[in-house]
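Undergrad: Data file upload-v4.pdb (PDB, C-alpha atoms, pLDDT in the B column) is appended below.
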```
ATOM      1  CA  MET A   1      22.465  23.064  17.865  1.00 61.00           C
ATOM      2  CA  ASP A   2      22.498  23.228  14.128  1.00 61.00           C
ATOM      3  CA  ARG A   3      25.193  24.958  12.071  1.00 71.00           C
ATOM      4  CA  ARG A   4      23.338  28.291  12.448  1.00 71.00           C
ATOM      5  CA  GLY A   5      23.436  28.059  16.240  1.00 67.00           C
ATOM      6  CA  ILE A   6      19.729  27.266  16.570  1.00 66.00           C
ATOM      7  CA  LYS A   7      18.816  24.655  19.148  1.00 66.00           C
ATOM      8  CA  THR A   8      17.258  21.653  17.425  1.00 75.00           C
ATOM      9  CA  ARG A   9      14.994  19.076  18.998  1.00 81.00           C
ATOM     10  CA  SER A  10      15.865  15.417  18.852  1.00 88.00           C
ATOM     11  CA  LEU A  11      14.006  13.066  16.543  1.00 89.00           C
ATOM     12  CA  GLU A  12      12.402  11.450  19.586  1.00 93.00           C
ATOM     13  CA  GLU A  13      11.156  14.843  20.875  1.00 92.00           C
ATOM     14  CA  ARG A  14       9.708  15.683  17.462  1.00 92.00           C
ATOM     15  CA  PHE A  15       8.037  12.253  17.379  1.00 95.00           C
ATOM     16  CA  TRP A  16       6.286  12.687  20.750  1.00 95.00           C
ATOM     17  CA  ASP A  17       5.148  16.224  19.798  1.00 95.00           C
ATOM     18  CA  ARG A  18       3.035  14.578  17.105  1.00 95.00           C
ATOM     19  CA  VAL A  19       1.354  11.953  19.313  1.00 96.00           C
ATOM     20  CA  ASN A  20      -2.033  12.425  20.970  1.00 96.00           C
ATOM     21  CA  LYS A  21      -2.298  10.016  23.907  1.00 96.00           C
ATOM     22  CA  THR A  22      -5.934   9.013  24.391  1.00 94.00           C
ATOM     23  CA  ALA A  23      -7.271   6.596  26.993  1.00 94.00           C
ATOM     24  CA  THR A  24      -6.832   3.734  24.549  1.00 94.00           C
ATOM     25  CA  CYS A  25      -4.660   4.450  21.502  1.00 94.00           C
ATOM     26  CA  TRP A  26      -1.796   6.900  21.086  1.00 96.00           C
ATOM     27  CA  LEU A  27      -2.625   8.556  17.793  1.00 96.00           C
ATOM     28  CA  TRP A  28      -0.167   9.965  15.273  1.00 95.00           C
ATOM     29  CA  THR A  29      -1.353  13.479  14.350  1.00 95.00           C
ATOM     30  CA  ALA A  30       1.095  14.447  11.606  1.00 94.00           C
ATOM     31  CA  SER A  31       1.555  13.148   8.066  1.00 93.00           C
ATOM     32  CA  THR A  32      -0.135   9.899   7.067  1.00 91.00           C
ATOM     33  CA  ALA A  33      -0.230   7.617   4.038  1.00 90.00           C
ATOM     34  CA  ARG A  34      -3.189   5.220   3.721  1.00 85.00           C
ATOM     35  CA  GLY A  35      -3.948   5.930   7.385  1.00 88.00           C
ATOM     36  CA  TYR A  36      -0.494   4.983   8.689  1.00 93.00           C
ATOM     37  CA  GLY A  37       1.605   7.699  10.313  1.00 94.00           C
ATOM     38  CA  GLN A  38       4.815   8.584   8.567  1.00 94.00           C
ATOM     39  CA  MET A  39       7.802  10.722   9.476  1.00 94.00           C
ATOM     40  CA  TRP A  40      11.192  11.727   8.155  1.00 90.00           C
ATOM     41  CA  ASP A  41      13.849  10.104  10.341  1.00 84.00           C
ATOM     42  CA  GLY A  42      16.707  12.143   8.864  1.00 84.00           C
ATOM     43  CA  THR A  43      17.540   9.717   6.076  1.00 90.00           C
ATOM     44  CA  LYS A  44      14.250   8.176   4.915  1.00 91.00           C
ATOM     45  CA  LEU A  45      10.483   8.207   5.337  1.00 93.00           C
ATOM     46  CA  THR A  46       9.551   5.835   8.181  1.00 94.00           C
ATOM     47  CA  ARG A  47       6.207   4.585   9.469  1.00 95.00           C
ATOM     48  CA  SER A  48       5.547   6.176  12.857  1.00 96.00           C
ATOM     49  CA  HIS A  49       4.396   2.900  14.448  1.00 97.00           C
ATOM     50  CA  ARG A  50       7.707   1.255  13.427  1.00 96.00           C
ATOM     51  CA  PHE A  51       9.612   4.168  14.987  1.00 96.00           C
ATOM     52  CA  SER A  52       7.562   3.817  18.186  1.00 97.00           C
ATOM     53  CA  TRP A  53       8.271   0.077  18.330  1.00 97.00           C
ATOM     54  CA  GLU A  54      11.997   0.706  17.960  1.00 96.00           C
ATOM     55  CA  LEU A  55      11.965   3.387  20.675  1.00 96.00           C
ATOM     56  CA  ALA A  56      10.359   0.933  23.087  1.00 97.00           C
ATOM     57  CA  ASN A  57      11.932  -2.362  22.018  1.00 97.00           C
ATOM     58  CA  GLY A  58      14.996  -1.806  19.857  1.00 96.00           C
ATOM     59  CA  THR A  59      15.807  -2.659  16.260  1.00 95.00           C
ATOM     60  CA  ILE A  60      13.379  -4.630  14.123  1.00 95.00           C
ATOM     61  CA  ARG A  61      14.929  -7.646  12.391  1.00 94.00           C
ATOM     62  CA  ASN A  62      14.785  -7.748   8.600  1.00 93.00           C
ATOM     63  CA  GLY A  63      11.620  -9.322   7.230  1.00 91.00           C
ATOM     64  CA  LEU A  64       9.450  -8.437  10.222  1.00 96.00           C
ATOM     65  CA  TRP A  65       6.536  -6.058  10.194  1.00 95.00           C
ATOM     66  CA  VAL A  66       5.083  -4.065  13.086  1.00 96.00           C
ATOM     67  CA  LEU A  67       1.426  -5.071  13.365  1.00 96.00           C
ATOM     68  CA  HIS A  68      -1.434  -3.500  15.316  1.00 95.00           C
ATOM     69  CA  LYS A  69      -3.418  -5.370  17.981  1.00 94.00           C
ATOM     70  CA  CYS A  70      -5.936  -2.520  18.018  1.00 91.00           C
ATOM     71  CA  ASP A  71      -6.281  -2.279  14.208  1.00 88.00           C
ATOM     72  CA  VAL A  72      -5.951   1.523  14.355  1.00 92.00           C
ATOM     73  CA  ARG A  73      -3.455   2.443  11.655  1.00 91.00           C
ATOM     74  CA  ALA A  74      -2.508   5.759  13.280  1.00 95.00           C
ATOM     75  CA  CYS A  75      -1.848   4.139  16.674  1.00 96.00           C
ATOM     76  CA  VAL A  76       1.755   4.253  17.920  1.00 97.00           C
ATOM     77  CA  ARG A  77       1.205   2.911  21.455  1.00 97.00           C
ATOM     78  CA  PRO A  78       3.927   0.259  21.955  1.00 97.00           C
ATOM     79  CA  SER A  79       1.610  -2.061  23.919  1.00 97.00           C
ATOM     80  CA  HIS A  80      -0.747  -2.115  20.917  1.00 97.00           C
ATOM     81  CA  LEU A  81       2.027  -3.224  18.548  1.00 97.00           C
ATOM     82  CA  PHE A  82       3.623  -6.594  17.886  1.00 97.00           C
ATOM     83  CA  LEU A  83       6.110  -8.034  15.420  1.00 97.00           C
ATOM     84  CA  GLY A  84       5.133 -10.489  12.723  1.00 96.00           C
ATOM     85  CA  THR A  85       5.738 -11.644   9.186  1.00 95.00           C
ATOM     86  CA  VAL A  86       3.614 -10.898   6.125  1.00 92.00           C
ATOM     87  CA  SER A  87       1.912 -14.272   6.721  1.00 91.00           C
ATOM     88  CA  ASP A  88       1.223 -13.339  10.350  1.00 93.00           C
ATOM     89  CA  ASN A  89      -0.376 -10.110   9.144  1.00 90.00           C
ATOM     90  CA  GLN A  90      -2.575 -11.995   6.658  1.00 87.00           C
ATOM     91  CA  ARG A  91      -3.691 -14.470   9.342  1.00 89.00           C
ATOM     92  CA  ASP A  92      -4.394 -11.630  11.775  1.00 89.00           C
ATOM     93  CA  MET A  93      -6.469  -9.802   9.154  1.00 85.00           C
ATOM     94  CA  LYS A  94      -8.453 -12.936   8.349  1.00 82.00           C
ATOM     95  CA  LYS A  95      -9.047 -13.771  12.021  1.00 85.00           C
ATOM     96  CA  LYS A  96     -10.357 -10.251  12.683  1.00 82.00           C
ATOM     97  CA  GLY A  97     -12.441 -10.085   9.502  1.00 76.00           C
ATOM     98  CA  ARG A  98     -10.395  -7.217   8.061  1.00 72.00           C
ATOM     99  CA  ARG A  99      -9.611  -8.636   4.641  1.00 64.00           C
ATOM    100  CA  LYS A 100     -11.065  -5.636   2.842  1.00 56.00           C
ATOM    101  CA  GLY A 101      -9.302  -5.288  -0.446  1.00 52.00           C
ATOM    102  CA  ILE A 102      -9.159  -9.039  -0.906  1.00 52.00           C
ATOM    103  CA  ARG A 103     -11.685  -9.430  -3.693  1.00 54.00           C
ATOM    104  CA  THR A 104     -13.787 -12.321  -2.511  1.00 57.00           C
ATOM    105  CA  GLY A 105     -17.463 -12.655  -1.839  1.00 63.00           C
ATOM    106  CA  PHE A 106     -20.480 -11.444  -3.715  1.00 69.00           C
ATOM    107  CA  GLY A 107     -22.582  -8.297  -3.394  1.00 77.00           C
ATOM    108  CA  ALA A 108     -22.386  -6.847   0.113  1.00 76.00           C
ATOM    109  CA  THR A 109     -19.989  -9.634   1.179  1.00 72.00           C
ATOM    110  CA  HIS A 110     -17.446  -8.676  -1.487  1.00 69.00           C
ATOM    111  CA  GLY A 111     -14.249  -7.370   0.099  1.00 66.00           C
ATOM    112  CA  MET A 112     -14.519  -4.021  -1.686  1.00 73.00           C
ATOM    113  CA  ALA A 113     -18.276  -3.445  -1.178  1.00 80.00           C
ATOM    114  CA  LYS A 114     -19.224  -0.036   0.192  1.00 85.00           C
ATOM    115  CA  LEU A 115     -22.953  -0.566   0.114  1.00 90.00           C
ATOM    116  CA  SER A 116     -25.471  -2.906   1.682  1.00 89.00           C
ATOM    117  CA  GLU A 117     -28.185  -4.534  -0.409  1.00 90.00           C
ATOM    118  CA  ASP A 118     -30.803  -2.262   1.197  1.00 90.00           C
ATOM    119  CA  GLN A 119     -28.768   0.805   0.193  1.00 92.00           C
ATOM    120  CA  VAL A 120     -28.512  -0.461  -3.399  1.00 92.00           C
ATOM    121  CA  LEU A 121     -32.287  -0.931  -3.587  1.00 92.00           C
ATOM    122  CA  THR A 122     -32.811   2.574  -2.189  1.00 93.00           C
ATOM    123  CA  ILE A 123     -30.344   4.014  -4.719  1.00 93.00           C
ATOM    124  CA  ARG A 124     -32.277   2.279  -7.524  1.00 93.00           C
ATOM    125  CA  ALA A 125     -35.559   3.709  -6.273  1.00 92.00           C
ATOM    126  CA  LEU A 126     -34.157   7.244  -5.930  1.00 94.00           C
ATOM    127  CA  ALA A 127     -32.563   7.112  -9.388  1.00 93.00           C
ATOM    128  CA  ALA A 128     -35.789   5.791 -10.929  1.00 93.00           C
ATOM    129  CA  GLU A 129     -37.796   8.678  -9.408  1.00 93.00           C
ATOM    130  CA  GLY A 130     -35.444  11.135 -11.086  1.00 91.00           C
ATOM    131  CA  LYS A 131     -35.995  13.858  -8.464  1.00 92.00           C
ATOM    132  CA  ILE A 132     -32.389  13.740  -7.235  1.00 92.00           C
ATOM    133  CA  SER A 133     -29.340  13.750  -9.510  1.00 93.00           C
ATOM    134  CA  GLN A 134     -27.143  10.674  -9.669  1.00 93.00           C
ATOM    135  CA  ARG A 135     -24.253  12.801  -8.400  1.00 94.00           C
ATOM    136  CA  ALA A 136     -26.286  13.842  -5.316  1.00 93.00           C
ATOM    137  CA  ILE A 137     -27.340  10.241  -4.675  1.00 94.00           C
ATOM    138  CA  GLY A 138     -23.691   9.196  -4.951  1.00 92.00           C
ATOM    139  CA  ARG A 139     -22.681  11.825  -2.384  1.00 92.00           C
ATOM    140  CA  MET A 140     -25.404  10.574  -0.034  1.00 91.00           C
ATOM    141  CA  TYR A 141     -23.957   7.056  -0.128  1.00 91.00           C
ATOM    142  CA  GLY A 142     -20.247   7.779  -0.578  1.00 90.00           C
ATOM    143  CA  VAL A 143     -20.032   6.406  -4.118  1.00 91.00           C
ATOM    144  CA  THR A 144     -19.488   7.980  -7.528  1.00 93.00           C
ATOM    145  CA  LYS A 145     -22.249   9.054  -9.888  1.00 93.00           C
ATOM    146  CA  THR A 146     -20.935   6.374 -12.235  1.00 94.00           C
ATOM    147  CA  MET A 147     -21.642   3.728  -9.596  1.00 93.00           C
ATOM    148  CA  VAL A 148     -25.157   5.127  -9.160  1.00 94.00           C
ATOM    149  CA  TYR A 149     -25.614   4.868 -12.941  1.00 94.00           C
ATOM    150  CA  MET A 150     -24.295   1.277 -12.926  1.00 92.00           C
ATOM    151  CA  ILE A 151     -26.678   0.337 -10.085  1.00 91.00           C
ATOM    152  CA  HIS A 152     -29.668   2.112 -11.672  1.00 93.00           C
ATOM    153  CA  TYR A 153     -29.218   0.414 -15.054  1.00 92.00           C
ATOM    154  CA  ARG A 154     -28.355  -2.957 -13.454  1.00 89.00           C
ATOM    155  CA  LYS A 155     -24.840  -3.111 -14.781  1.00 89.00           C
ATOM    156  CA  SER A 156     -23.737  -3.579 -11.188  1.00 87.00           C
ATOM    157  CA  TRP A 157     -25.530  -5.453  -8.385  1.00 87.00           C
ATOM    158  CA  ARG A 158     -27.492  -7.342 -11.078  1.00 84.00           C
ATOM    159  CA  HIS A 159     -28.339 -10.108  -8.641  1.00 82.00           C
ATOM    160  CA  LEU A 160     -30.768  -7.738  -6.894  1.00 81.00           C
ATOM    161  CA  ASP A 161     -33.920  -7.609  -8.964  1.00 73.00           C
ATOM    162  CA  ALA A 162     -36.416  -5.325  -7.359  1.00 50.00           C
TER     163      ALA A 162
END
```
Please rewrite the model in this file as structure tokens.
TA:
Amino acid sequence: MDRRGIKTRSLEERFWDRVNKTATCWLWTASTARGYGQMWDGTKLTRSHRFSWELANGTIRNGLWVLHKCDVRACVRPSHLFLGTVSDNQRDMKKKGRRKGIRTGFGATHGMAKLSEDQVLTIRALAAEGKISQRAIGRMYGVTKTMVYMIHYRKSWRHLDA
């Protein structure tokens, strides 16, 4: 009970109230940051998958991260989690082809690319027709109107001459 006499639930009870157990992953349904679940543990903001690991396995040693076997950031299922270092995480990402954000490659193979080469050529054709606004084309492909402009005027994706 709190100081007002109201029964309070434990941190563990509040944690499990926010987990949706599917056939595969156990998904965090409350607050997230960059796709990772987060919760207030009474003193600080904690990643929900770290909290789940500690519930199942005990304290995490300094310098270790809780990594996902399933690559689902919101997953808190203990059997889908494992401990590793920053280097372990980098190796795991590379092995699984998840190095998005690492700016390597060219065109569609670039780590930050959102579009395929076929989509870029279609965007160029649509922009050249002028029947659809650049903003609408951007919405269709999940990019900004500025990116559509850059593609249309060959300031971006210049290697594709069509």
Undergrad: To one decimal in Å, tell me the separation between CA of Trp16 in chain A and CA of Phe82 in chain A.
TA: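 Taking CA of Trp16 in chain A and CA of Phe82 in chain A, their separation equals 19.7 Å.
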Undergrad: For the PyMOL selection byres ((chain A and resi 157) around 10), applied here, can you spell out every residue it catches as a ChimeraX atom specification?
TA: /A:106-108,117,120-121,150-156,158-161
Undergrad: Using all atoms listed in the file, can you tell me which of A:Arg98, A:His49, A:Arg91, A:Lys131 comes closest to Trp26 in chain A?
TA: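 Answer, going by the shortest atom-to-atom distance: A:His49.
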Undergrad: Check which residues satisfy the PyMOL selection byres ((chain A and resi 34-41) around 9) in the file shown, then give them as a list in words.
TA: Leu11, Phe15, Leu27, Trp28, Thr29, Ala30, Ser31, Thr32, Ala33, Gly42, Thr43, Lys44, Leu45, Thr46, Arg47, Ser48, His49, Phe51, Val72, Arg73, Ala74, Cys75 and Val76 of chain A
Undergrad: I'd like the interatomic distance between CA of Leu115 in chain A and CA of Ala136 in chain A, to a tenth of an Å.
TA: 15.8 Å
Undergrad: Could you jot down the CA of Gly58 in chain A to CA of Arg3 in chain A separation for me, Å, one decimal place?
TA: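 CA of Arg3 in chain A lies 29.7 Å from CA of Gly58 in chain A.
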Undergrad: For the point (8.5, -2.9, 21.1) in the file's frame, write as a ChimeraX atom specification all residues with an atom no more than 12 Å away, counting only C-alpha atoms.
TA: /A:49-61,65-68,76-84
Undergrad: What's around range 143-149 of chain A at 7 Å? Count only C-alpha atoms, leave out sequence neighbours fewer than 6 positions away in its own chain, and write the answer as a PDB file with C-alpha atoms, keeping the file's coordinate frame.
TA:
```
ATOM      1  CA  ILE A 123     -30.344   4.014  -4.719  1.00 93.00           C
ATOM      2  CA  GLN A 134     -27.143  10.674  -9.669  1.00 93.00           C
ATOM      3  CA  ARG A 135     -24.253  12.801  -8.400  1.00 94.00           C
TER       4      ARG A 135
END
```
Undergrad: Once the PyMOL selection byres ((chain A and resi 85) around 7) has been evaluated on this model, what residues remain selected, and can you format them as a list in words?
TA: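 So the PyMOL selection byres ((chain A and resi 85) around 7), applied here, picks out Gly63, Leu64, Trp65, Gly84, Val86, Ser87, Asp88 and Asn89 of chain A.
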Undergrad: Considering all atoms listed in the file, can you say which of A:Ser133, A:Tyr141, A:Gly97, A:Asn62 comes closest to Lys114 in chain A?
TA: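 Result for the nearest residue to Lys114 in chain A: A:Tyr141.
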Undergrad: Kindly reconstruct range 21-57 of chain A with N, CA and C atoms and present the result as a compact mmCIF listing (two decimals), in the coordinates of the input.
TA:
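Once written, out10.txt looks like this:
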```txt
# COMPACT_ATOMS: atom_id res chain seq x y z
N LYS A 21 -2.05 11.18 23.06
CA LYS A 21 -2.30 10.02 23.91
C LYS A 21 -3.74 10.05 24.42
N THR A 22 -4.56 9.14 23.91
CA THR A 22 -5.93 9.01 24.39
C THR A 22 -5.97 7.91 25.44
N ALA A 23 -7.14 7.64 25.98
CA ALA A 23 -7.27 6.60 26.99
C ALA A 23 -6.93 5.22 26.44
N THR A 24 -7.13 5.04 25.15
CA THR A 24 -6.83 3.73 24.55
C THR A 24 -5.61 3.83 23.65
N CYS A 25 -5.76 4.38 22.47
CA CYS A 25 -4.66 4.45 21.50
C CYS A 25 -3.88 5.75 21.63
N TRP A 26 -2.61 5.70 21.21
CA TRP A 26 -1.80 6.90 21.09
C TRP A 26 -1.75 7.20 19.60
N LEU A 27 -2.40 8.29 19.20
CA LEU A 27 -2.62 8.56 17.79
C LEU A 27 -1.60 9.51 17.20
N TRP A 28 -1.08 9.12 16.04
CA TRP A 28 -0.17 9.96 15.27
C TRP A 28 -0.98 11.08 14.64
N THR A 29 -0.56 12.34 14.82
CA THR A 29 -1.35 13.48 14.35
C THR A 29 -0.73 14.19 13.16
N ALA A 30 0.43 13.77 12.72
CA ALA A 30 1.10 14.45 11.61
C ALA A 30 0.80 13.69 10.30
N SER A 31 1.72 13.71 9.40
CA SER A 31 1.56 13.15 8.07
C SER A 31 1.18 11.67 8.10
N THR A 32 0.25 11.31 7.19
CA THR A 32 -0.14 9.90 7.07
C THR A 32 -0.14 9.50 5.60
N ALA A 33 -0.06 8.20 5.37
CA ALA A 33 -0.23 7.62 4.04
C ALA A 33 -1.08 6.36 4.22
N ARG A 34 -2.25 6.33 3.58
CA ARG A 34 -3.19 5.22 3.72
C ARG A 34 -3.56 4.96 5.19
N GLY A 35 -3.56 6.03 5.98
CA GLY A 35 -3.95 5.93 7.38
C GLY A 35 -2.81 5.67 8.36
N TYR A 36 -1.66 5.25 7.84
CA TYR A 36 -0.49 4.98 8.69
C TYR A 36 0.33 6.25 8.84
N GLY A 37 0.75 6.55 10.08
CA GLY A 37 1.60 7.70 10.31
C GLY A 37 2.95 7.52 9.63
N GLN A 38 3.50 8.63 9.19
CA GLN A 38 4.82 8.58 8.57
C GLN A 38 5.61 9.81 8.99
N MET A 39 6.93 9.62 9.06
CA MET A 39 7.80 10.72 9.48
C MET A 39 9.16 10.59 8.81
N TRP A 40 9.84 11.70 8.70
CA TRP A 40 11.19 11.73 8.15
C TRP A 40 12.15 11.49 9.31
N ASP A 41 12.95 10.43 9.23
CA ASP A 41 13.85 10.10 10.34
C ASP A 41 15.25 10.68 10.14
N GLY A 42 15.41 11.53 9.15
CA GLY A 42 16.71 12.14 8.86
C GLY A 42 17.36 11.57 7.62
N THR A 43 16.99 10.34 7.28
CA THR A 43 17.54 9.72 6.08
C THR A 43 16.46 9.15 5.16
N LYS A 44 15.32 8.76 5.73
CA LYS A 44 14.25 8.18 4.92
C LYS A 44 12.89 8.38 5.59
N LEU A 45 11.83 8.16 4.81
CA LEU A 45 10.48 8.21 5.34
C LEU A 45 10.22 6.90 6.08
N THR A 46 9.76 6.99 7.32
CA THR A 46 9.55 5.84 8.18
C THR A 46 8.13 5.85 8.71
N ARG A 47 7.53 4.68 8.85
CA ARG A 47 6.21 4.58 9.47
C ARG A 47 6.34 4.90 10.95
N SER A 48 5.44 5.73 11.46
CA SER A 48 5.55 6.18 12.86
C SER A 48 5.38 5.02 13.84
N HIS A 49 4.57 4.02 13.51
CA HIS A 49 4.40 2.90 14.45
C HIS A 49 5.67 2.05 14.51
N ARG A 50 6.42 1.97 13.41
CA ARG A 50 7.71 1.25 13.43
C ARG A 50 8.71 2.01 14.31
N PHE A 51 8.71 3.34 14.18
CA PHE A 51 9.61 4.17 14.99
C PHE A 51 9.29 4.00 16.47
N SER A 52 7.99 4.00 16.80
CA SER A 52 7.56 3.82 18.19
C SER A 52 8.01 2.46 18.73
N TRP A 53 7.84 1.41 17.91
CA TRP A 53 8.27 0.08 18.33
C TRP A 53 9.76 0.08 18.64
N GLU A 54 10.54 0.69 17.77
CA GLU A 54 12.00 0.71 17.96
C GLU A 54 12.40 1.52 19.18
N LEU A 55 11.69 2.62 19.46
CA LEU A 55 11.96 3.39 20.68
C LEU A 55 11.77 2.52 21.92
N ALA A 56 10.71 1.73 21.91
CA ALA A 56 10.36 0.93 23.09
C ALA A 56 11.12 -0.39 23.17
N ASN A 57 11.44 -0.98 22.02
CA ASN A 57 11.93 -2.36 22.02
C ASN A 57 13.25 -2.60 21.29
```
